[in-house]
$ cat structure35.tsv   # TSV, C-alpha atoms
chain	number	residue	atom	x	y	z
A	1223	MET	CA	91.54	111.72	91.78
A	1224	LEU	CA	94.38	112.69	93.99
A	1225	THR	CA	97.65	111.39	95.32
A	1226	GLY	CA	97.43	112.95	98.76
A	1227	PHE	CA	100.65	114.90	98.27
A	1228	ALA	CA	99.46	118.53	98.06
A	1229	GLU	CA	102.26	119.90	95.88
A	1230	LEU	CA	102.03	116.99	93.44
A	1231	ASP	CA	98.25	117.27	93.27
A	1232	ASP	CA	98.59	120.99	92.47
A	1233	LEU	CA	101.03	120.24	89.62
A	1234	ILE	CA	98.68	117.73	87.96
A	1235	ALA	CA	95.33	119.29	88.93
A	1236	LYS	CA	94.30	120.15	85.35
A	1237	ASP	CA	95.71	117.06	83.63
A	1238	GLU	CA	93.28	114.46	82.31
A	1239	TRP	CA	95.84	111.69	81.80
A	1240	VAL	CA	98.71	111.28	84.27
A	1241	GLU	CA	101.21	108.44	84.10
A	1242	PHE	CA	103.36	107.37	87.05
A	1243	TYR	CA	106.19	104.91	86.55
A	1244	SER	CA	108.82	103.25	88.69
A	1245	GLU	CA	111.23	100.36	88.37
A	1246	ASP	CA	110.61	99.70	92.08
A	1247	SER	CA	107.41	97.65	91.75
A	1248	ASP	CA	106.87	97.40	95.53
A	1249	LEU	CA	107.00	101.18	95.90
A	1250	LEU	CA	104.69	101.63	92.93
A	1251	GLU	CA	102.20	99.14	94.43
A	1252	GLU	CA	102.17	101.06	97.73
A	1253	PHE	CA	101.68	104.31	95.86
A	1254	TYR	CA	98.85	103.18	93.61
A	1255	SER	CA	97.12	101.48	96.55
A	1256	ARG	CA	97.24	104.83	98.36
A	1257	VAL	CA	95.90	106.71	95.30
A	1258	ILE	CA	93.07	104.19	94.88
A	1259	ALA	CA	92.15	104.46	98.57
A	1260	LEU	CA	92.18	108.26	98.59
A	1261	SER	CA	90.17	108.45	95.35
A	1262	SER	CA	87.55	105.87	96.32
A	1263	ASN	CA	84.96	108.24	97.75
A	1264	PRO	CA	82.25	107.41	96.68
A	1265	PHE	CA	83.89	104.95	94.23
A	1266	ILE	CA	86.84	104.53	91.89
A	1267	LYS	CA	87.22	102.28	88.84
A	1268	VAL	CA	90.43	100.26	88.56
A	1269	LEU	CA	91.69	98.20	85.62
A	1270	VAL	CA	94.50	95.77	86.48
A	1271	VAL	CA	96.43	94.42	83.49
A	1272	SER	CA	98.68	91.33	83.45
A	1273	GLU	CA	99.48	91.54	87.16
A	1274	ARG	CA	100.04	88.27	88.98
A	1275	GLY	CA	97.94	88.52	92.10
A	1276	GLY	CA	96.46	91.84	91.01
A	1277	LEU	CA	95.33	94.45	93.49
A	1278	ASP	CA	95.72	93.76	97.23
A	1279	PRO	CA	92.29	94.67	98.69
A	1280	TRP	CA	93.59	94.59	102.26
A	1281	LYS	CA	96.30	97.12	101.45
A	1282	VAL	CA	93.73	99.46	99.87
A	1283	LYS	CA	91.42	98.98	102.87
A	1284	THR	CA	94.30	99.77	105.23
A	1285	PHE	CA	95.00	103.03	103.37
A	1286	GLN	CA	91.29	103.88	103.45
A	1287	ARG	CA	91.26	103.37	107.22
A	1288	ALA	CA	94.49	105.35	107.71
A	1289	PHE	CA	93.15	108.33	105.75
A	1290	GLY	CA	89.54	108.07	106.95
A	1291	VAL	CA	88.09	107.43	103.50
A	1292	GLU	CA	85.03	105.27	102.94
A	1293	GLY	CA	84.27	104.21	99.42
A	1294	ARG	CA	84.12	101.38	96.91
A	1295	VAL	CA	86.72	100.11	94.49
A	1296	LEU	CA	85.34	98.66	91.26
A	1297	VAL	CA	87.96	96.34	89.77
A	1298	ARG	CA	88.21	94.81	86.31
A	1299	ARG	CA	91.04	92.56	85.09
A	1300	ALA	CA	92.58	92.16	81.64
A	1301	PHE	CA	94.34	88.83	81.25
A	1302	LYS	CA	95.66	89.28	77.70
A	1303	ALA	CA	96.68	92.19	75.50
A	1304	GLU	CA	93.52	91.94	73.40
A	1305	ASP	CA	91.41	92.46	76.56
A	1306	VAL	CA	92.91	95.83	77.48
A	1307	PRO	CA	91.23	98.21	74.96
A	1308	PRO	CA	87.69	96.79	75.39
A	1309	SER	CA	88.19	96.78	79.17
A	1310	VAL	CA	89.18	100.45	79.17
A	1311	ILE	CA	86.11	101.27	77.05
A	1312	ALA	CA	83.84	99.14	79.27
A	1313	MET	CA	84.89	101.12	82.34
A	1314	GLY	CA	82.97	104.07	80.90
A	1315	GLU	CA	83.33	107.73	81.80
A	1316	GLY	CA	84.70	109.12	85.04
A	1317	ASP	CA	87.91	108.55	86.95
A	1318	LEU	CA	89.93	105.45	86.11
A	1319	VAL	CA	93.13	103.95	87.48
A	1320	VAL	CA	94.96	101.63	85.06
A	1321	VAL	CA	97.72	99.44	86.49
A	1322	ASN	CA	100.33	98.23	84.00
A	1323	PRO	CA	98.49	98.85	80.70
A	1324	TYR	CA	101.60	98.09	78.63
A	1325	GLY	CA	102.41	94.91	80.56
A	1326	PHE	CA	102.09	92.63	77.53
A	1327	PHE	CA	104.44	94.87	75.49
A	1328	ARG	CA	102.27	94.78	72.38
A	1329	LEU	CA	99.13	96.35	70.86
A	1330	TYR	CA	100.32	99.72	72.15
A	1331	SER	CA	98.35	101.81	69.66
A	1332	HIS	CA	95.08	100.06	70.56
A	1333	VAL	CA	95.69	100.44	74.30
A	1334	VAL	CA	96.62	104.12	74.01
A	1335	GLY	CA	93.76	104.77	71.59
A	1336	SER	CA	91.22	103.40	74.06
A	1337	MET	CA	92.60	105.59	76.87
A	1338	ARG	CA	92.67	108.66	74.63
A	1339	ALA	CA	89.03	108.10	73.60
A	1340	ARG	CA	87.63	108.00	77.11
A	1341	ARG	CA	86.16	110.91	79.04
A	1342	GLY	CA	87.29	111.42	82.57
A	1343	ARG	CA	90.54	111.48	84.44
A	1344	THR	CA	92.95	108.60	83.96
A	1345	PHE	CA	95.89	107.69	86.19
A	1346	VAL	CA	98.26	105.09	84.72
A	1347	PHE	CA	100.84	103.18	86.78
A	1348	SER	CA	103.67	101.44	84.90
A	1349	PRO	CA	106.16	99.17	86.76
A	1350	PHE	CA	109.16	99.84	84.51
A	1351	ASP	CA	111.18	102.73	83.11
A	1352	ARG	CA	108.74	104.41	80.71
A	1353	GLU	CA	111.47	106.46	79.10
A	1354	ARG	CA	112.97	103.20	77.74
A	1355	ARG	CA	110.09	100.71	77.44
A	1356	GLY	CA	106.41	100.72	76.65
A	1357	SER	CA	104.43	102.88	74.27
A	1358	VAL	CA	106.08	106.03	72.89
A	1359	PHE	CA	102.62	107.07	71.69
A	1360	GLY	CA	101.46	106.71	75.33
A	1361	LEU	CA	104.27	108.98	76.53
A	1362	HIS	CA	103.22	111.63	74.02
A	1363	SER	CA	99.52	111.19	74.81
A	1364	ALA	CA	99.80	111.49	78.60
A	1365	HIS	CA	99.50	115.05	79.84
A	1366	SER	CA	101.97	114.49	82.67
A	1367	VAL	CA	104.52	111.73	83.19
A	1368	ILE	CA	106.00	111.30	86.66
A	1369	GLU	CA	108.84	109.06	87.79
A	1370	VAL	CA	108.46	107.67	91.32
A	1371	ARG	CA	111.66	106.63	93.05
A	1372	ARG	CA	112.69	105.59	96.53
A	1373	THR	CA	115.63	107.56	97.90
A	1374	TYR	CA	117.76	106.80	100.96
A	1375	ARG	CA	115.13	108.10	103.40
A	1376	GLY	CA	112.40	109.33	101.18
A	1377	LEU	CA	110.18	109.25	98.20
A	1378	ARG	CA	110.97	111.28	95.09
A	1379	PHE	CA	108.57	112.37	92.37
A	1380	ARG	CA	110.19	113.73	89.21
A	1381	LEU	CA	107.88	115.46	86.77
A	1382	VAL	CA	109.34	114.26	83.47
A	1383	LYS	CA	106.72	115.78	81.18
A	1384	SER	CA	104.02	118.38	81.72
A	1385	PRO	CA	102.24	120.85	79.42
A	1386	SER	CA	102.33	123.60	82.06
A	1387	HIS	CA	105.42	123.02	84.23
A	1388	ALA	CA	109.13	122.54	83.74
A	1389	GLU	CA	110.83	119.44	85.14
A	1390	VAL	CA	110.29	119.45	88.90
A	1391	GLU	CA	111.39	117.12	91.68
A	1392	LEU	CA	109.42	116.72	94.89
A	1393	VAL	CA	110.89	114.78	97.81
A	1394	TYR	CA	108.92	113.54	100.80
A	1395	PRO	CA	109.91	111.45	103.82
A	1396	ILE	CA	109.02	107.79	103.22
A	1397	GLN	CA	106.64	107.73	106.20
A	1398	SER	CA	104.48	110.36	104.47
A	1399	LEU	CA	103.49	107.67	101.95
A	1400	PHE	CA	101.66	105.96	104.81
A	1401	GLY	CA	100.04	109.12	106.16
A	1402	ARG	CA	102.50	109.74	108.94
A	1403	SER	CA	104.26	113.01	109.48
A	1404	SER	CA	107.48	113.42	111.42
A	1405	VAL	CA	107.67	115.68	114.42
A	1406	GLY	CA	110.79	117.62	115.38
A	1407	LEU	CA	114.01	115.63	115.12
A	1408	GLU	CA	112.25	112.32	114.45
A	1409	ALA	CA	113.28	112.43	110.77
A	1410	TRP	CA	116.95	112.52	111.80
A	1411	LEU	CA	116.81	109.43	114.04
$ encode --input "structure35.tsv" --output "structure tokens"
Amino acid sequence: MLTGFAELDDLIAKDEWVEFYSEDSDLLEEFYSRVIALSSNPFIKVLVVSERGGLDPWKVKTFQRAFGVEGRVLVRRAFKAEDVPPSVIAMGEGDLVVVNPYGFFRLYSHVVGSMRARRGRTFVFSPFDRERRGSVFGLHSAHSVIEVRRTYRGLRFRLVKSPSHAEVELVYPIQSLFGRSSVGLEAWL
């Protein structure tokens, strides 16, 4: 799995469990849609937990088109806290994206235990400040924890926790989220 941001992908290349969090739920949705699209060749498994409306398939398809990726997205939903651990286990081995696993704010140890037991890479996306809410056990279990934040004209990734790197901040222009790069003075307009 990859984010499409080369420096960020290099920082987390060896990590099995990476958690991204942001209090800006719209930004987080754009980001995880991009990650799902880029990781979908040939397929990617996605577990959506307690999200009203869930995953926007048209947004993922738009990112796939923008980045020239063809692949399938296998989606499973968990509608209550008790559904999350068996759903994680049912997704099997391989890469997995989990959106909002702590959304019910209970059964943390079971949710984290199911993600720890699996084989394969796991990307977790949490739509709240993970340093204040959610599973502390999950924060300790994740190999890397990254805060995603919108700045005035950009997108900031702050590596909060990593086994191999100190705290790092990476800033990108906001249009890079959508696969566009600025040319010359365009960023200053």
$ closest_residue --input "structure35.tsv" --among "A:Gly1401, A:Gly1226, A:Gly1325, A:Gly1342" --to "A:Ser1272" --atoms "all atoms listed in the file"
A:Gly1325
$ residues_around --input "structure35.tsv" --residues "stretch 1309-1318 of chain A" --least-positions-apart "4" --cutoff "8 Å" --atoms "only C-alpha atoms" --output "list in words"
Met1223, Ile1266, Lys1267, Val1268, Leu1269, Arg1298, Arg1299, Ala1300, Asp1305, Ser1336, Met1337, Arg1340, Arg1341, Gly1342, Arg1343, Thr1344 and Phe1345 of chain A
$ write_last_selection --input "structure35.tsv" --atoms "C-alpha atoms" --output "CSV table (one decimal), in the frame of the given file"
chain,number,residue,atom,x,y,z
A,1223,MET,CA,91.5,111.7,91.8
A,1266,ILE,CA,86.8,104.5,91.9
A,1267,LYS,CA,87.2,102.3,88.8
A,1268,VAL,CA,90.4,100.3,88.6
A,1269,LEU,CA,91.7,98.2,85.6
A,1298,ARG,CA,88.2,94.8,86.3
A,1299,ARG,CA,91.0,92.6,85.1
A,1300,ALA,CA,92.6,92.2,81.6
A,1305,ASP,CA,91.4,92.5,76.6
A,1336,SER,CA,91.2,103.4,74.1
A,1337,MET,CA,92.6,105.6,76.9
A,1340,ARG,CA,87.6,108.0,77.1
A,1341,ARG,CA,86.2,110.9,79.0
A,1342,GLY,CA,87.3,111.4,82.6
A,1343,ARG,CA,90.5,111.5,84.4
A,1344,THR,CA,93.0,108.6,84.0
A,1345,PHE,CA,95.9,107.7,86.2
$ residues_around --input "structure35.tsv" --residues "A:Ile1396" --least-positions-apart "3" --cutoff "7 Å" --atoms "all atoms listed in the file" --output "PyMOL selection string"
chain A and resi 1375-1377+1399
$ write_last_selection --input "structure35.tsv" --atoms "C-alpha atoms" --output "PDB file, in the coordinates of the input"
ATOM      1  CA  ARG A1375     115.130 108.100 103.400  1.00  0.00           C
ATOM      2  CA  GLY A1376     112.400 109.330 101.180  1.00  0.00           C
ATOM      3  CA  LEU A1377     110.180 109.250  98.200  1.00  0.00           C
ATOM      4  CA  LEU A1399     103.490 107.670 101.950  1.00  0.00           C
TER       5      LEU A1399
END
$ residues_around --input "structure35.tsv" --residues "A:Phe1289" --least-positions-apart "4" --cutoff "12 Å" --atoms "only C-alpha atoms" --output "PDB file with C-alpha atoms, in the frame of the given file"
ATOM      1  CA  THR A1225      97.650 111.390  95.320  1.00  0.00           C
ATOM      2  CA  GLY A1226      97.430 112.950  98.760  1.00  0.00           C
ATOM      3  CA  ARG A1256      97.240 104.830  98.360  1.00  0.00           C
ATOM      4  CA  VAL A1257      95.900 106.710  95.300  1.00  0.00           C
ATOM      5  CA  ILE A1258      93.070 104.190  94.880  1.00  0.00           C
ATOM      6  CA  ALA A1259      92.150 104.460  98.570  1.00  0.00           C
ATOM      7  CA  LEU A1260      92.180 108.260  98.590  1.00  0.00           C
ATOM      8  CA  SER A1261      90.170 108.450  95.350  1.00  0.00           C
ATOM      9  CA  SER A1262      87.550 105.870  96.320  1.00  0.00           C
ATOM     10  CA  ASN A1263      84.960 108.240  97.750  1.00  0.00           C
ATOM     11  CA  VAL A1282      93.730  99.460  99.870  1.00  0.00           C
ATOM     12  CA  LYS A1283      91.420  98.980 102.870  1.00  0.00           C
ATOM     13  CA  THR A1284      94.300  99.770 105.230  1.00  0.00           C
ATOM     14  CA  PHE A1285      95.000 103.030 103.370  1.00  0.00           C
ATOM     15  CA  GLY A1293      84.270 104.210  99.420  1.00  0.00           C
ATOM     16  CA  SER A1398     104.480 110.360 104.470  1.00  0.00           C
ATOM     17  CA  LEU A1399     103.490 107.670 101.950  1.00  0.00           C
ATOM     18  CA  PHE A1400     101.660 105.960 104.810  1.00  0.00           C
ATOM     19  CA  GLY A1401     100.040 109.120 106.160  1.00  0.00           C
ATOM     20  CA  ARG A1402     102.500 109.740 108.940  1.00  0.00           C
TER      21      ARG A1402
END
$ closest_residue --input "structure35.tsv" --among "A:Phe1253, A:Gly1360, A:Val1319, A:Val1370" --to "A:Gln1397" --atoms "all atoms listed in the file"
A:Phe1253
$ closest_residue --input "structure35.tsv" --among "A:Arg1338, A:Glu1251, A:Ala1303, A:Asp1246" --to "A:Glu1369" --atoms "all atoms listed in the file"
A:Asp1246
$ atom_distance --input "structure35.tsv" --atom1 "atom CA of A:Asp1237" --atom2 "atom CA of A:Val1291"
23.4 Å
$ atom_distance --input "structure35.tsv" --atom1 "atom CA of A:Ser1331" --atom2 "atom CA of A:Ser1357"
7.7 Å
$ closest_residue --input "structure35.tsv" --among "A:Ser1255, A:Asn1322, A:Ser1244, A:Ser1366" --to "A:Val1382" --atoms "only C-alpha atoms"
A:Ser1366
$ residues_near_point --input "structure35.tsv" --point "(110.5, 115.1, 99.3)" --cutoff "8 Å" --atoms "all atoms listed in the file" --output "VMD selection string"
chain A and resid 1376 to 1379 1391 to 1395
$ axis_aligned_box --input "structure35.tsv" --around "stretch 1241-1249 of chain A" --padding-each-side "4 Å" --output "lines of an AutoDock Vina configuration file"
center_x = 106.2
center_y = 102.9
center_z = 90.0
size_x = 18.0
size_y = 19.0
size_z = 19.8
$ atom_distance --input "structure35.tsv" --atom1 "atom CA of A:Val1367" --atom2 "atom CA of A:Tyr1243"
7.8 Å
$ closest_residue --input "structure35.tsv" --among "A:Val1346, A:Val1297, A:Leu1224, A:Val1334" --to "A:Phe1359" --atoms "all atoms listed in the file"
A:Val1334
$ closest_residue --input "structure35.tsv" --among "A:Val1306, A:Arg1355, A:Phe1242, A:Ala1339" --to "A:Leu1230" --atoms "only C-alpha atoms"
A:Phe1242
